[in-house]
Every structure is written in structure tokens, then in C-alpha cells.
$ cat protein.txt   # compact mmCIF, C-alpha atoms
# COMPACT_ATOMS: atom_id res chain seq x y z
CA MET G 1 38.67 -36.77 11.03
CA ALA G 2 41.01 -33.98 10.06
CA ASN G 3 41.91 -31.68 7.24
CA GLY G 4 43.64 -33.62 4.51
CA ASN G 5 41.73 -36.86 5.13
CA ILE G 6 40.70 -38.52 1.89
CA VAL G 7 37.02 -39.40 1.98
CA ALA G 8 34.30 -41.08 -0.01
CA LEU G 9 30.57 -41.38 0.47
CA ARG G 10 29.67 -44.45 2.46
CA ILE G 11 28.50 -47.26 0.21
CA SER G 12 25.75 -49.72 0.83
CA GLN G 13 26.88 -52.78 2.74
CA VAL G 14 24.81 -54.97 0.43
CA SER G 15 27.06 -56.62 -2.11
CA PRO G 16 27.05 -55.85 -4.98
CA THR G 17 25.87 -52.33 -4.34
CA PRO G 18 23.53 -50.82 -6.89
CA GLU G 19 24.44 -47.31 -5.77
CA GLN G 20 28.07 -47.40 -6.89
CA SER G 21 28.69 -44.15 -8.72
CA GLN G 22 30.31 -44.51 -12.11
CA PRO G 23 33.10 -43.70 -11.83
CA PRO G 24 33.53 -43.59 -8.03
CA GLU G 25 34.36 -40.22 -6.49
CA PHE G 26 36.85 -39.37 -3.80
CA GLY G 27 37.62 -36.07 -2.12
CA VAL G 28 39.74 -34.43 0.55
CA ILE G 29 38.50 -32.68 3.71
CA THR G 30 39.59 -29.07 3.51
CA ASP G 31 37.82 -27.74 6.61
CA ALA G 32 36.92 -29.97 9.53
CA SER G 33 36.55 -27.11 12.02
CA THR G 34 32.81 -27.72 12.27
CA PRO G 35 32.45 -31.48 12.75
CA THR G 36 28.82 -31.61 11.59
CA ALA G 37 29.43 -29.43 8.53
CA GLN G 38 32.73 -30.36 6.93
CA LYS G 39 33.99 -29.04 3.62
CA VAL G 40 35.14 -31.55 1.04
CA ARG G 41 37.01 -30.76 -2.19
CA TRP G 42 36.04 -33.55 -4.53
CA ALA G 43 38.61 -34.70 -7.07
CA THR G 44 36.36 -33.43 -9.82
CA THR G 45 37.20 -30.02 -8.24
CA VAL G 46 33.77 -29.23 -6.85
CA GLN G 47 33.75 -28.19 -3.20
CA ALA G 48 30.78 -29.09 -1.05
CA THR G 49 29.83 -28.68 2.59
CA ILE G 50 28.60 -32.01 3.92
CA SER G 51 26.23 -31.36 6.80
CA GLY G 52 24.47 -33.71 9.17
CA ALA G 53 22.91 -34.07 12.59
CA SER G 54 26.11 -35.76 13.79
CA VAL G 55 29.51 -36.69 12.44
CA ALA G 56 28.30 -40.23 11.85
CA ALA G 57 25.33 -38.88 9.87
CA LEU G 58 27.63 -37.19 7.31
CA GLY G 59 27.81 -40.50 5.49
CA LEU G 60 31.53 -40.25 4.82
CA ASP G 61 34.24 -42.86 5.20
CA VAL G 62 37.93 -42.05 5.50
CA ILE G 63 40.05 -43.78 2.88
CA GLU G 64 43.24 -45.01 4.46
CA GLU G 65 46.29 -47.14 3.75
CA PRO G 66 45.68 -50.86 3.35
CA ASP G 67 47.77 -53.56 4.98
CA ALA G 68 50.86 -54.88 3.25
CA PRO G 69 49.51 -58.42 2.66
CA SER G 70 46.51 -57.05 0.77
CA VAL G 71 48.77 -54.98 -1.45
CA THR G 72 51.00 -57.97 -2.12
CA LYS G 73 48.00 -60.14 -2.92
CA PHE G 74 46.10 -57.80 -5.23
CA ARG G 75 48.44 -55.20 -6.76
CA GLY G 76 48.66 -55.69 -10.49
CA LYS G 77 46.45 -58.78 -10.42
CA THR G 78 43.30 -59.77 -12.24
CA VAL G 79 40.46 -60.52 -9.86
CA LEU G 80 36.97 -61.92 -9.80
CA ARG G 81 34.33 -61.48 -7.14
CA ILE G 82 33.47 -64.67 -5.24
CA GLY G 83 29.85 -65.72 -5.75
CA PRO G 84 27.30 -65.43 -2.96
CA GLY G 85 27.52 -69.13 -2.15
CA GLY G 86 31.28 -68.97 -1.71
CA PRO G 87 33.91 -71.06 -3.47
CA VAL G 88 32.88 -74.38 -4.96
CA THR G 89 34.90 -77.38 -6.07
CA ASN G 90 37.31 -76.41 -8.87
CA ASP G 91 36.08 -72.79 -8.86
CA PRO G 92 37.34 -70.42 -6.13
CA ALA G 93 35.06 -67.74 -7.60
CA GLY G 94 31.97 -69.82 -6.89
CA LYS G 95 30.62 -69.80 -10.46
CA THR G 96 30.76 -66.00 -10.85
CA SER G 97 30.60 -65.21 -14.56
CA ARG G 98 34.04 -64.53 -16.03
CA GLU G 99 32.51 -61.45 -17.64
CA PHE G 100 33.05 -59.77 -14.24
CA VAL G 101 36.81 -60.27 -14.30
CA GLY G 102 38.48 -56.98 -13.50
CA THR G 103 41.60 -54.99 -12.85
CA VAL G 104 42.32 -53.50 -9.45
CA VAL G 105 42.06 -49.73 -9.54
CA SER G 106 42.88 -49.21 -5.90
CA ILE G 107 43.31 -50.97 -2.58
CA TYR G 108 42.42 -49.15 0.62
CA ARG G 109 40.69 -49.26 3.99
CA ARG G 110 37.32 -47.66 4.62
CA THR G 111 37.32 -46.30 8.17
CA LEU G 112 34.40 -44.65 9.90
CA LEU G 113 34.78 -40.88 10.13
CA THR G 114 34.10 -41.13 13.87
CA SER G 115 36.92 -43.61 14.47
CA PRO G 116 40.15 -42.68 16.26
CA VAL G 117 43.16 -41.68 14.18
CA GLY G 118 44.82 -44.50 12.27
CA PRO G 119 43.86 -47.10 9.65
CA GLN G 120 41.26 -49.34 11.21
CA GLY G 121 38.52 -50.24 8.78
CA PRO G 122 38.29 -53.30 6.54
CA VAL G 123 40.26 -53.45 3.31
CA TYR G 124 38.34 -52.82 0.09
CA LEU G 125 39.19 -53.23 -3.57
CA LEU G 126 38.01 -50.84 -6.25
CA VAL G 127 37.83 -52.87 -9.44
CA LYS G 128 37.09 -52.02 -13.05
CA SER G 129 35.54 -54.70 -15.21
CA GLY G 130 34.97 -53.64 -18.78
CA ASP G 131 33.30 -50.26 -18.35
CA LEU G 132 31.89 -51.00 -14.90
CA PHE G 133 33.44 -49.92 -11.58
CA PHE G 134 32.58 -51.81 -8.44
CA GLU G 135 33.90 -51.84 -4.91
CA ASP G 136 33.73 -54.54 -2.28
CA LEU G 137 35.58 -56.05 0.66
CA ALA G 138 38.88 -57.53 -0.40
CA THR G 139 37.77 -60.83 1.13
CA GLN G 140 35.08 -61.03 -1.54
CA PHE G 141 37.59 -61.33 -4.38
CA THR G 142 39.77 -64.12 -5.65
CA VAL G 143 42.87 -63.62 -7.78
CA LEU G 144 42.80 -65.33 -11.16
CA THR G 145 46.06 -67.12 -11.75
CA ASP G 146 45.56 -67.91 -15.40
CA ARG G 147 45.39 -64.28 -16.66
CA MET J 148 55.78 -22.85 -1.32
CA ALA J 149 53.60 -21.30 -3.97
CA PHE J 150 52.96 -23.18 -7.16
CA THR J 151 54.13 -21.77 -10.47
CA VAL J 152 51.56 -19.98 -12.61
CA GLY J 153 51.09 -22.07 -15.71
CA SER J 154 51.95 -25.40 -14.13
CA ARG J 155 49.32 -28.09 -13.78
CA ALA J 156 47.62 -29.03 -10.54
CA ARG J 157 45.06 -31.46 -9.20
CA VAL J 158 43.28 -32.21 -5.95
CA LYS J 159 45.61 -34.10 -3.64
CA LEU J 160 44.30 -37.59 -3.03
CA THR J 161 47.54 -39.12 -1.83
CA GLN J 162 48.29 -39.53 1.83
CA ALA J 163 51.34 -41.43 3.01
CA VAL J 164 52.96 -43.10 0.03
CA VAL J 165 53.63 -46.32 1.82
CA PHE J 166 52.59 -48.74 -0.89
CA PRO J 167 52.99 -47.21 -4.34
CA GLY J 168 50.14 -48.26 -6.53
CA ALA J 169 47.88 -49.12 -3.62
CA LEU J 170 46.14 -46.02 -2.32
CA SER J 171 47.21 -43.68 -5.07
CA GLN J 172 44.67 -44.63 -7.75
CA LEU J 173 41.87 -42.40 -6.47
CA ASN J 174 41.94 -39.77 -9.17
CA PRO J 175 38.89 -39.35 -11.39
CA GLN J 176 38.49 -41.45 -14.50
CA PRO J 177 39.62 -39.78 -16.70
CA PRO J 178 41.95 -37.68 -14.54
CA THR J 179 41.00 -34.07 -13.82
CA ILE J 180 44.01 -31.81 -14.08
CA GLY J 181 43.85 -28.03 -14.12
CA VAL J 182 46.22 -25.16 -14.71
CA VAL J 183 47.40 -22.67 -12.07
CA THR J 184 46.29 -19.23 -13.25
CA ASP J 185 46.94 -17.10 -10.18
CA ASN J 186 48.79 -17.32 -6.89
CA THR J 187 49.02 -15.92 -3.43
CA PRO J 188 51.65 -17.52 -1.17
CA THR J 189 49.40 -20.44 -0.28
CA MET J 190 46.15 -20.13 -2.23
CA HIS J 191 46.02 -21.04 -5.88
CA VAL J 192 43.46 -20.47 -8.61
CA ILE J 193 43.03 -23.51 -10.79
CA ALA J 194 41.31 -23.49 -14.17
CA VAL J 195 39.88 -26.87 -15.09
CA PRO J 196 38.77 -27.87 -18.60
CA GLY J 197 34.99 -27.73 -18.92
CA ALA J 198 34.49 -26.10 -15.52
CA ALA J 199 34.89 -22.78 -13.72
CA SER J 200 38.08 -21.95 -11.85
CA PHE J 201 38.35 -22.76 -8.19
CA THR J 202 40.67 -21.50 -5.47
CA GLU J 203 42.22 -23.85 -2.97
CA ASP J 204 44.95 -23.97 -0.35
CA GLU J 205 48.08 -25.65 -1.65
CA THR J 206 47.85 -28.10 1.24
CA PHE J 207 45.07 -29.87 -0.65
CA LEU J 208 46.64 -29.67 -4.11
CA GLU J 209 49.44 -31.40 -5.95
CA GLU J 210 51.53 -29.49 -8.44
CA ILE J 211 52.31 -31.37 -11.62
CA THR J 212 55.43 -30.32 -13.45
CA THR J 213 57.29 -31.48 -16.51
CA ALA J 214 59.34 -34.63 -16.17
CA ALA J 215 62.93 -34.78 -17.37
CA GLN J 216 63.25 -35.21 -21.12
CA ILE J 217 65.07 -38.51 -20.72
CA VAL J 218 62.16 -39.87 -18.69
CA ARG J 219 59.61 -38.65 -21.22
CA ASP J 220 61.58 -40.09 -24.14
CA ALA J 221 61.64 -43.48 -22.43
CA MET J 222 57.86 -43.62 -22.02
CA ILE J 223 55.98 -41.46 -24.50
CA ASP J 224 54.36 -43.42 -27.35
CA LYS J 225 55.08 -46.71 -25.62
CA VAL J 226 52.86 -49.58 -24.59
CA VAL J 227 53.70 -50.40 -20.99
CA THR J 228 52.64 -52.27 -17.91
CA GLY J 229 53.34 -52.12 -14.21
CA GLN J 230 56.17 -54.00 -12.59
CA ILE J 231 55.61 -55.81 -9.31
CA SER J 232 59.26 -56.68 -8.85
CA ALA J 233 62.31 -55.87 -10.91
CA ALA J 234 64.44 -58.43 -12.66
CA SER J 235 67.48 -59.73 -10.84
CA PRO J 236 70.25 -62.11 -11.90
CA GLY J 237 68.53 -65.30 -12.97
CA VAL J 238 65.07 -64.03 -12.10
CA ALA J 239 62.72 -62.36 -14.57
CA ALA J 240 60.73 -59.28 -13.65
CA VAL J 241 57.25 -59.93 -12.34
CA LEU J 242 54.80 -57.79 -14.27
CA TYR J 243 51.19 -56.77 -13.77
CA THR J 244 48.76 -59.12 -15.51
CA GLU J 245 47.76 -58.58 -19.13
CA PRO J 246 44.67 -56.38 -18.53
CA TYR J 247 46.95 -53.66 -17.14
CA THR J 248 48.85 -53.35 -20.41
CA GLY J 249 48.19 -49.89 -21.72
CA ARG J 250 49.25 -46.86 -23.65
CA VAL J 251 51.22 -44.09 -21.97
CA VAL J 252 48.96 -41.05 -21.76
CA ASP J 253 51.35 -38.68 -20.04
CA VAL J 254 54.58 -38.49 -18.10
CA TYR J 255 55.05 -35.85 -15.41
CA ASN J 256 56.48 -35.08 -11.99
CA VAL J 257 54.31 -35.02 -8.90
CA SER J 258 56.17 -33.45 -6.00
CA ALA J 259 59.38 -33.87 -8.03
CA SER J 260 58.80 -37.62 -8.43
CA PRO J 261 58.34 -38.87 -12.02
CA LYS J 262 55.03 -40.61 -12.70
CA VAL J 263 53.57 -42.34 -15.74
CA LEU J 264 49.84 -42.09 -16.51
CA ILE J 265 48.65 -45.20 -18.32
CA ARG J 266 45.37 -46.14 -19.96
CA SER J 267 44.57 -49.83 -20.06
CA LEU J 268 44.01 -51.26 -23.54
CA SER J 269 41.43 -53.72 -22.25
CA ASN J 270 39.06 -51.60 -20.18
CA GLY J 271 40.17 -47.99 -20.52
CA MET J 272 41.16 -47.69 -16.87
CA TYR J 273 43.55 -44.81 -16.14
CA TYR J 274 46.22 -45.53 -13.58
CA GLU J 275 49.40 -43.83 -12.51
CA LEU J 276 52.62 -45.48 -11.41
CA PRO J 277 56.05 -44.29 -10.34
CA PHE J 278 58.42 -44.24 -13.32
CA ALA J 279 60.60 -46.91 -11.73
CA GLN J 280 57.65 -49.34 -11.63
CA VAL J 281 56.73 -49.10 -15.31
CA MET J 282 58.12 -51.39 -17.98
CA PRO J 283 57.77 -50.70 -21.70
CA LEU J 284 56.76 -53.78 -23.63
CA GLY J 285 58.71 -54.66 -26.74
CA ASP J 286 57.17 -55.49 -30.11
CA ARG J 287 53.95 -53.54 -29.37
$ encode --input "protein.txt" --output "C-alpha cells"
Amino acid sequence: MANGNIVALRISQVSPTPEQSQPPEFGVITDASTPTAQKVRWATTVQATISGASVAALGLDVIEEPDAPSVTKFRGKTVLRIGPGGPVTNDPAGKTSREFVGTVVSIYRRTLLTSPVGPQGPVYLLVKSGDLFFEDLATQFTVLTDR
Amino acid sequence: MAFTVGSRARVKLTQAVVFPGALSQLNPQPPTIGVVTDNTPTMHVIAVPGAASFTEDETFLEEITTAAQIVRDAMIDKVVTGQISAASPGVAAVLYTEPYTGRVVDVYNVSASPKVLIRSLSNGMYYELPFAQVMPLGDR
């Protein structure tokens, strides 16, 4: 954690998460001098002090650079979340409704705030489908090749 | 370096620009851009539409300035999409898929680099790309 880190509130690990804010919000740490009470300037311009019993309790993830293969795979592509049962014959999306097809807003890693310096967390996609934003592990999406 | 009073500014959500178009799309939807109203050498007062002013260190801000006229003329009032790879002899350009096709909302410089702000025609998503990665679409 350091000043200038881009952060977001930690999301539920249950997929799909019902707590996804619409639209999602990201901010930048402007004062990390007190680890358990860090100041964040949210992109909507509001500044808040996020306090907790420990750094882990702040509930923040650091948003970091993704890996090159993920960027190559998803940048500019149309994606669909893979259904809970996984891919099925003739449908890599596992029967997920095509109504959920979306465009990739961003590709990034979510790394724990307590982790050492450097991109380490899993790669996530932030996707917009119609008027709905949702975020999930990149491994949970398949690229549609006919769009 | 102090920003210029009157120029636009936003919270800086870009770290290393390693993969353009990957990490950079973290701005609010729609984007929140303010105007610099006052300066000290490193602290800037930003007025944001619909909200009170706030003061922030320039370390955590990006100054948005006017792009060159030739760049603006090439993009304003166009329907565009992103370009994954440029055309080369015998090979067509590889473009973003259809849902990314959008109207140009604005063209500006961020840290002296020209950017194009696009709004998708299909889902209203705002996204920003380097000028060199945007392709106007003909007959639109």
C-alpha cells in the first residue's frame, strides 16, 4: 500500500455479486501514513478516510496492471459470463443467457492491500451489459467470436 | 508543475500505462471532470459540476488540456471504434467488436497525450483510448 495506489472496495467473492455498485467506483490513496486510517480520493471527487482495526479490515483492494495475455484475450472483445455449471457441448458459455453479453470496460488485477509491492492478485474483468455493470474473475468469461 | 487555472482536471486513476485500454478505464460513468480554479505550486482547487470544490495535490490529479486542432477535426462528430492492431500491407486493421462502436464525446490531451472519449452506441459505456488507437468508421 502506498500513496498513488488505485483502490476499490473489496467485492463479495460470490459470483455474481449482488453488492456491485452501479457504476463501480475506484479511488486513489492520497495518504497512507496511518495504515489503519488511509485517505482515499474517490474518482467522483469525494475524499474519505477509510478506517479499520487492521489494514486487512479496511476492505480495500489495490487495482493493478493485468498480464499481457489477458489484455490480448479480452481487449475490445464481446464477452459472456460462463454459467455456474461450466461450458457445455456447443456452448462455451454454459447456457448463460445472451442477454448478459457485454463489453469490457476494464481489465485489471485485484491485489490485497496487505500484499507486498507488485501485481499479484487474480485478473478481473469489469463488464457492462446493457445498463448493468458487473465484475468477475477473467476466468469466468468467454469471448464471443460471432459478435 | 502547477496546473493552469481554467484547465480541466480529474482524479488520477492511471498507474503505469503498460497496456493502453486495459487499466485505464476506471473513470466514473459518466466521467467526472472539473475545472482548476486556484493554484499553489502543488495543490489545486477543482470545481466539479454538481458538487463543491475540492483541493488536492497534483500528484493525484491529471490535467486535461486542449488537443491539437488537427486531432480534434479528425475525431469530433465522428462515429468511431477502437483498433486492436493497425492495418499493414495486405492485412486489414483489427477493430474492437461492434458493441464498442460509439460517438466521440470529447477529444483532449492527458499529460500531453491525445485521447478520445467515446460513448458506446449499444450500452452507453464511456471509454477513453489513445488517439492512435481510434478509427473513424465511414458511412455512419
$ interface_residues --input "protein.txt" --of "chain J" --to "chain G" --cutoff "10 Å" --atoms "all atoms listed in the file" --output "MDAnalysis selection string"
chainID J and resid 157:181 193:195 198:204 206:208 228:231 241:247 267 269:275
$ axis_aligned_box --input "protein.txt" --around "stretch 189-194 of chain J" --padding-each-side "4 Å" --output "AutoDock Vina command-line options"
--center_x 45.4 --center_y -21.8 --center_z -7.2 --size_x 16.1 --size_y 11.4 --size_z 21.9
$ atom_distance --input "protein.txt" --atom1 "atom CA of J:Ala221" --atom2 "atom CA of J:Ala233"
16.9 Å
$ atom_distance --input "protein.txt" --atom1 "atom CA of J:Leu276" --atom2 "atom CA of J:Ala214"
13.6 Å
$ closest_residue --input "protein.txt" --among "J:Ile211, J:Ala279, J:Val238, J:Gly153" --to "J:Val183" --atoms "only C-alpha atoms"
J:Gly153
